[in-house]
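*Asks:* One structure, as structure tokens, below. Some questions next.
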Amino acid sequence: MASPAVHNAPSLVTAAGGQGTVGDYIALLKPRVMSLVIFTAVVGLFAAPGHIHPWMGFVAILCIALGAGASGALNMWYDADIDAVMKRTASRPIPSGAVEPGEALGFGLVLSVASVLMLGLWVNVASAALLAFTIFFYVVIYTMVLKRRTPQNIVIGGAAGAFPPMIAWTAVTGTIEPGAVALFLLIFMWTPPHFWALALFREGDYAKAGVPMLPNVAGRAETKKQILIYSLLLVPVIAAPLATGTAGWLYGSGAALLTLKFLGDAMAVFRAADRATEDRACKKLFGFSILWLFAVFALILVEKLLGLAPVGGLL
Amino acid sequence: MAAPLQPFSPEDMTRRRKRNLALALVLVALMVLFFVSTMVRLGGTVAERSL
């Protein structure tokens, strides 16, 4: 006969661990970031020249999404101490106590390995290698090395968020082509003004956590100047999909108008004289920057689906 | 030192049941994913190939 202790074992739980809900584990994957990753990857998949079996296309997007989610979980595991002191992130699963750090680490590692293996075995090795590099870049280069050391963390680390459409493109073609680099550049150059706008109206949060974001290291005036510079750099970057033949006139005209509005919002941030106006302008730029990225990629997708995309480019 | 054991509350049990259900769904989805992906990779004429 089983002893009372053994009989009672399944109905006991340790005080720590094993308390997370399904929602907590989904939150570890950073679903909002993941939705943008999925969308830009889908555009990369459609924009790439060549053919991929629809099921394999689905598998590629699933693996990219899982890889992005894994990066998010590993980022939350490493940054739990910072997240706990920042208002925006204090309710995340680890600082709130819903998920143990070790559980998040295991979850992130398993998903990382699984997503890379599945992409490599079923789609192609080149895209799997790129996905593995992206996870490494986000978790090790950005989260562990750059984020707590340099105010340029966003500039270099932004590359991690720019890889998904390139991975999807490579899933179709098996190689990295100029068109894929053009899509990469769109996100890469968009990241600094997007995050610095957020950092300006959340400056106190980052300073409290000891994260050297540009506003609390170089000052608000310098950050506003850098936002304007990077916003201006978006102008040549939006031409890259045109030059590579990835997109045509519909994208070109739409992206030009959207970027004009982006520049207008960046200029409003630059010119803001007092803190209240500055915060308002930053929130406006931050909100519009999300719409800008979505719309620019949507234009490429729509053009491709309507058969309006050009056949070849300059590069 | 290991954390002390406490009895499961009804909320704990509900959470655990939902987690288990989600895991079961993930496993079923993985089965479908592995099966269909293998079939697609092998191609439609796999049953007719010479051994």
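In the structure tokens, the first chain shown is A, the next is B, and so on; residue numbers restart at 1 for each chain, and ligands run from 1 in the order shown.
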Dump as a PyMOL selection string the residues of chain B that approach chain A to within 8 Å, counting only C-alpha atoms.

*Replies:* chain B and resi 3-8+12+15-16+18-19+22+37-38+40-41

*Asks:* As a PyMOL selection string, which residues of chain B does DSSP assign to helix (DSSP H, G or I)?

*Replies:* chain B and resi 10-42+46-48

*Asks:* Using only C-alpha atoms, determine which residues lie at most 8 Å from Ile154 of chain A, disregarding the query and same-chain residues fewer than 3 positions distant; provide the list as a PyMOL selection string.

*Replies:* chain A and resi 147+151+157-158+191-192+195

*Asks:* Taking N, CA and C atoms for each residue, export the selection above as a PDB file, in the first residue's frame.

*Replies:*
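Okay, result-v7.pdb is ready:
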```pdb
ATOM      1  N   LYS A 147      23.048  45.933 -24.631  1.00  0.00           N
ATOM      2  CA  LYS A 147      21.952  46.672 -23.996  1.00  0.00           C
ATOM      3  C   LYS A 147      22.367  47.430 -22.742  1.00  0.00           C
ATOM      4  N   PRO A 151      24.876  53.266 -25.410  1.00  0.00           N
ATOM      5  CA  PRO A 151      23.642  53.905 -25.881  1.00  0.00           C
ATOM      6  C   PRO A 151      23.360  53.612 -27.357  1.00  0.00           C
ATOM      7  N   GLY A 157      21.672  46.492 -32.193  1.00  0.00           N
ATOM      8  CA  GLY A 157      20.733  45.424 -31.835  1.00  0.00           C
ATOM      9  C   GLY A 157      19.509  45.383 -32.732  1.00  0.00           C
ATOM     10  N   GLY A 158      19.193  46.531 -33.342  1.00  0.00           N
ATOM     11  CA  GLY A 158      18.031  46.598 -34.235  1.00  0.00           C
ATOM     12  C   GLY A 158      18.139  45.632 -35.391  1.00  0.00           C
ATOM     13  N   THR A 191      14.389  51.233 -36.866  1.00  0.00           N
ATOM     14  CA  THR A 191      14.446  50.898 -35.438  1.00  0.00           C
ATOM     15  C   THR A 191      14.919  52.048 -34.535  1.00  0.00           C
ATOM     16  N   PRO A 192      16.049  52.727 -34.853  1.00  0.00           N
ATOM     17  CA  PRO A 192      16.514  53.774 -33.919  1.00  0.00           C
ATOM     18  C   PRO A 192      15.496  54.893 -33.657  1.00  0.00           C
ATOM     19  N   PHE A 195      12.595  53.467 -31.425  1.00  0.00           N
ATOM     20  CA  PHE A 195      12.879  53.197 -30.009  1.00  0.00           C
ATOM     21  C   PHE A 195      13.338  54.434 -29.250  1.00  0.00           C
TER      22      PHE A 195
END
```

*Asks:* Counting only C-alpha atoms, what is within 12 Å of Arg275 of chain A, bar same-chain residues fewer than 5 positions away, as a ChimeraX atom specification?

*Replies:* /A:200-201,203,220-221,269-270,280-282

*Asks:* Which residue out of A:Thr259, A:Thr244, A:Thr175, A:Thr150 has the minimum interatomic distance to Asn124 of chain A when only C-alpha atoms are used?

*Replies:*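 Of the candidates, the smallest distance to Asn124 of chain A is held by A:Thr175.
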
*Asks:* Could you tell me how far atom CA of Arg271 of chain A sits from atom CA of Ala199 of chain A, in Å to one decimal place?

*Replies:*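 Interatomic distance, atom CA of Ala199 of chain A to atom CA of Arg271 of chain A: 17.2 Å.
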
*Asks:* Using only C-alpha atoms, which residues sit within 12 Å of Gly69 of chain A once same-chain residues fewer than 3 positions away are excluded, as a PyMOL selection string?

*Replies:* chain A and resi 25-38+62-66+72-76+104+107-112+114-115+131+134-135+138-139+161

*Asks:* Nearest to Gly44 of chain A: which of A:Ile141, A:Ile61, A:Leu214, A:Leu146 is it, counting only C-alpha atoms?

*Replies:* A:Ile61

*Asks:* Could you please determine the separation between atom CA of Ile176 of chain A and atom CA of Val296 of chain A in Å, to one decimal place?

*Replies:*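 We find that atom CA of Ile176 of chain A and atom CA of Val296 of chain A lie 21.0 Å from each other.
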
*Asks:* So how far away is atom CA of Pro101 of chain A from atom CA of Trp77 of chain A, in Å?

*Replies:*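 A separation of 5.5 Å between them.
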